[in-house]
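Student: Here it is: the structure, laid out below.
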Amino acid sequence: MYKIPLELLQSPVSKKPLTLADEFTLKDEEGNVFKKNIEAGHWNFIPSRSPIYSEEQWNTFKKLIENFVISYEKHPEVNVSYDVRQDAFDFGDFCKYHGKVLDIGCGPHKIPSYIKYKRNNDAEYYGIDILSGEHPKELNFVQAMGEHLPFRDNSFDVTISGTSLLHYVDVKAGIKEALRVTKPSGYSCIWLGVKSKEAPKPKQSPDWYKKLETPEGAENPFHYKRYTEEDFEKIFKELNLIVAEKKAYPVDEWRKNVFFRIKK
Ligand SMILES: C[S@@+](CC[C@H](N)C(=O)[O-])C[C@H]1O[C@@H](n2cnc3c(N)ncnc32)[C@H](O)[C@@H]1O
């Protein structure tokens, strides 16, 4: 169902080429095997264990996923770029889609609204997420981790990440991977949601939220860690990346959305 040429793919863990063992199985030279989710029609590239995470971090990652299913799949209205949202439309305009576009952490729904309503029909859209979610999606989808992308170096003109990076246990690994698969002539657009530590807690939380637990080592039930605009700028500097453009939109006294256009 999803058209992803084999020439675009590589093993997410060994970074070696993949060969088709049969219609539903891809293998790399080190014997790592990746299977197709036959019902949903997409490849699953989530490794059986991430080589960069300790056992504790891997358990935290798996518990975060359980919370993502509840918040993003079952209660999308407030938590993801689901249908009409001005912030998502602003991000879609900022991304200036062209060529091959990869949305990293595209969400569990058919298509995020920053693509649905802002698409350039001449571009080709790909998406990855750790959740499989609804199908068929309106972009070429594989299930994968942003820290271990199953794509070859310099494959995409535009890579994007819409409020996804704060969920990663290792955010730096995610940014590095996004830029690895971005062409030298291309760029990566990152939407960072910033919330001040002083922000008052909501007076009332929905019942589904109250039932969620914060996994060991994480800041809250969904975010491994919250970052400031300055924290992200420091990370870009450490990774020798260039901030080609930045736009900040205040939401209220304590929150803002910051969009970065990053180049290598
Ligand atoms: C707040 S939602 C945003 C989804 C979409 N970008 C949007 O704006 O509608 C965050 C998404 O990041 C995904 N995600 C979290 N950690 C991830 C990881 N390590 N690798 C890939 N996706 C991840 C979640 O499954 C979720 O779909």
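In the structure tokens, chains take the letters A, B, ... in the order shown, each chain's residues start at 1, and ligands count up from 1 in the order shown.
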With only C-alpha atoms counted and 9 Å as the cut-off, give the residues of stretch 8-107 of chain A in contact with stretch 199-209 of chain A, each with its shortest interatomic distance in Å and the pair that gives it, as a tab-separated table.

Tutor:
```
residue	atom	partner	partner_atom	distance
A:Ile70	CA	A:Trp208	CA	7.7
A:Ser71	CA	A:Tyr209	CA	7.8
A:His75	CA	A:Trp208	CA	8.9
```

Student: Counting only C-alpha atoms and all ligand atoms, what residues are within 6 Å of ligand 1, given as a ChimeraX atom specification?

Tutor: /A:68,79-82,105-108,112,129-131,145-146,162-164,167-168

Student: Select from stretch 47-253 of chain A everything DSSP, run on the backbone, classes as alpha helix (DSSP H), then give the selection as an MDAnalysis selection string.

Tutor: chainID A and resid 55:68 76:79 86:95 113:116 171:180 207:210 229:238

Student: I want to know what sits within 7 Å of stretch 231-241 of chain A, based on only C-alpha atoms, with residues of the same chain fewer than 6 positions away left out; could you give that as a ChimeraX atom specification?

Tutor: /A:172,262-264

Student: Those residues you just picked out, can you put them in a file as a compact mmCIF listing (two decimals), in the first residue's frame with all heavy atoms?

Tutor:
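To be explicit, this is the file written out as out14.txt:
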```txt
# COMPACT_ATOMS: atom_id res chain seq x y z
N LYS A 172 19.16 14.58 21.18
CA LYS A 172 20.30 14.89 20.31
C LYS A 172 20.42 13.82 19.21
O LYS A 172 20.68 14.14 18.05
CB LYS A 172 21.57 14.87 21.14
CG LYS A 172 22.31 16.16 21.13
CD LYS A 172 23.52 16.00 22.03
CE LYS A 172 24.44 17.14 21.91
NZ LYS A 172 25.59 17.03 22.79
N ILE A 262 16.70 24.29 10.16
CA ILE A 262 18.07 23.90 10.45
C ILE A 262 18.75 23.34 9.21
O ILE A 262 18.15 22.56 8.46
CB ILE A 262 18.06 22.79 11.56
CG1 ILE A 262 17.32 23.26 12.79
CG2 ILE A 262 19.48 22.36 11.93
CD1 ILE A 262 17.89 24.49 13.43
N LYS A 263 19.99 23.73 9.02
CA LYS A 263 20.78 23.22 7.88
C LYS A 263 22.09 22.66 8.40
O LYS A 263 22.54 23.02 9.48
CB LYS A 263 21.06 24.36 6.90
CG LYS A 263 19.82 24.84 6.17
CD LYS A 263 20.13 26.00 5.27
CE LYS A 263 20.76 25.57 4.00
NZ LYS A 263 19.90 25.25 2.90
N LYS A 264 22.71 21.77 7.58
CA LYS A 264 24.02 21.26 8.03
C LYS A 264 25.14 21.89 7.23
O LYS A 264 24.88 22.64 6.31
CB LYS A 264 24.08 19.74 7.93
CG LYS A 264 23.67 19.10 6.62
CD LYS A 264 23.63 17.58 6.80
CE LYS A 264 23.14 16.88 5.55
NZ LYS A 264 22.97 15.47 5.66
```

Student: Considering only C-alpha atoms, return as JSON, numbers by chain whatever protein or nucleic-acid residues lie within 12 Å of stretch 33-37 of chain A, sequence-local ones (same chain, fewer than 5 positions apart) excluded.

Tutor: {"A": [1, 2, 9, 10, 11, 12, 13, 14, 17, 18, 19, 20, 21, 22, 23, 24, 25, 26, 27, 28, 42, 43, 44, 45, 46, 47, 48, 132, 133, 135, 141, 142, 143, 144, 150]}

Student: Could you take the residues named above and write them with N, CA and C atoms, as a compact mmCIF listing (two decimals), in the first residue's frame?

Tutor:
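Result saved to selection07.txt:
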```txt
# COMPACT_ATOMS: atom_id res chain seq x y z
N MET A 1 0.84 -1.21 0.00
CA MET A 1 0.00 0.00 0.00
C MET A 1 0.87 1.26 0.00
N TYR A 2 1.92 1.24 0.87
CA TYR A 2 2.80 2.41 0.92
C TYR A 2 3.98 2.20 0.00
N LEU A 9 15.88 2.99 1.43
CA LEU A 9 15.93 2.40 2.76
C LEU A 9 17.30 1.85 3.13
N GLN A 10 17.57 1.78 4.43
CA GLN A 10 18.73 1.05 4.94
C GLN A 10 18.38 0.57 6.35
N SER A 11 19.18 -0.33 6.88
CA SER A 11 18.88 -0.86 8.20
C SER A 11 18.96 0.26 9.25
N PRO A 12 17.95 0.42 10.10
CA PRO A 12 17.98 1.50 11.09
C PRO A 12 19.04 1.29 12.17
N VAL A 13 19.48 0.04 12.39
CA VAL A 13 20.47 -0.19 13.43
C VAL A 13 21.89 -0.34 12.89
N SER A 14 22.11 -1.20 11.88
CA SER A 14 23.48 -1.38 11.37
C SER A 14 23.83 -0.33 10.32
N PRO A 17 22.86 -1.84 3.85
CA PRO A 17 21.74 -2.02 2.91
C PRO A 17 20.80 -3.15 3.35
N LEU A 18 19.58 -3.07 2.86
CA LEU A 18 18.58 -4.10 3.18
C LEU A 18 18.28 -4.90 1.93
N THR A 19 18.03 -6.18 2.11
CA THR A 19 17.58 -6.98 0.95
C THR A 19 16.24 -7.61 1.31
N LEU A 20 15.45 -7.81 0.25
CA LEU A 20 14.12 -8.38 0.43
C LEU A 20 14.25 -9.91 0.52
N ALA A 21 14.01 -10.47 1.71
CA ALA A 21 14.13 -11.93 1.87
C ALA A 21 12.87 -12.59 1.31
N ASP A 22 11.73 -12.00 1.59
CA ASP A 22 10.48 -12.39 0.93
C ASP A 22 9.57 -11.17 0.97
N GLU A 23 8.36 -11.33 0.46
CA GLU A 23 7.44 -10.20 0.32
C GLU A 23 7.24 -9.41 1.63
N PHE A 24 7.42 -10.12 2.75
CA PHE A 24 7.09 -9.51 4.04
C PHE A 24 8.31 -9.36 4.96
N THR A 25 9.52 -9.61 4.43
CA THR A 25 10.71 -9.60 5.30
C THR A 25 11.88 -8.88 4.64
N LEU A 26 12.48 -7.95 5.38
CA LEU A 26 13.72 -7.30 4.95
C LEU A 26 14.83 -7.72 5.91
N LYS A 27 16.05 -7.91 5.36
CA LYS A 27 17.17 -8.34 6.21
C LYS A 27 18.37 -7.46 5.91
N ASP A 28 19.22 -7.21 6.95
CA ASP A 28 20.50 -6.56 6.66
C ASP A 28 21.63 -7.58 6.78
N HIS A 42 2.48 -1.61 6.17
CA HIS A 42 3.73 -0.84 6.28
C HIS A 42 4.84 -1.68 6.90
N TRP A 43 6.09 -1.30 6.63
CA TRP A 43 7.24 -1.95 7.27
C TRP A 43 7.36 -1.48 8.71
N ASN A 44 7.80 -2.40 9.59
CA ASN A 44 8.05 -2.03 10.98
C ASN A 44 9.57 -2.08 11.23
N PHE A 45 10.17 -0.90 11.42
CA PHE A 45 11.62 -0.80 11.61
C PHE A 45 12.01 -0.52 13.07
N ILE A 46 11.08 -0.74 13.99
CA ILE A 46 11.46 -0.51 15.39
C ILE A 46 12.35 -1.67 15.84
N PRO A 47 13.59 -1.37 16.27
CA PRO A 47 14.50 -2.46 16.65
C PRO A 47 14.00 -3.19 17.90
N SER A 48 14.44 -4.45 18.06
CA SER A 48 13.99 -5.20 19.23
C SER A 48 14.55 -4.55 20.50
N SER A 132 1.68 2.86 15.02
CA SER A 132 1.17 2.50 13.69
C SER A 132 -0.10 3.31 13.40
N GLY A 133 -1.07 3.27 14.30
CA GLY A 133 -2.26 4.12 14.20
C GLY A 133 -3.20 3.76 13.07
N HIS A 135 -5.05 3.63 9.31
CA HIS A 135 -4.61 3.38 7.93
C HIS A 135 -5.82 3.35 7.01
N PHE A 141 4.15 5.66 4.62
CA PHE A 141 4.46 5.49 6.05
C PHE A 141 5.31 4.26 6.34
N VAL A 142 6.27 4.41 7.26
CA VAL A 142 6.91 3.25 7.90
C VAL A 142 6.90 3.50 9.41
N GLN A 143 6.82 2.42 10.17
CA GLN A 143 6.87 2.54 11.63
C GLN A 143 8.34 2.48 12.04
N ALA A 144 8.80 3.48 12.77
CA ALA A 144 10.23 3.55 13.10
C ALA A 144 10.45 4.52 14.25
N PRO A 150 15.20 4.49 9.15
CA PRO A 150 15.55 3.43 8.19
C PRO A 150 15.84 3.98 6.79
```

Student: Using atom CA of A:Lys137 and atom CA of A:Arg119 as the two end points, give the distance in Å to one decimal.

Tutor: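 Separating atom CA of A:Lys137 from atom CA of A:Arg119 is a distance of 14.6 Å.
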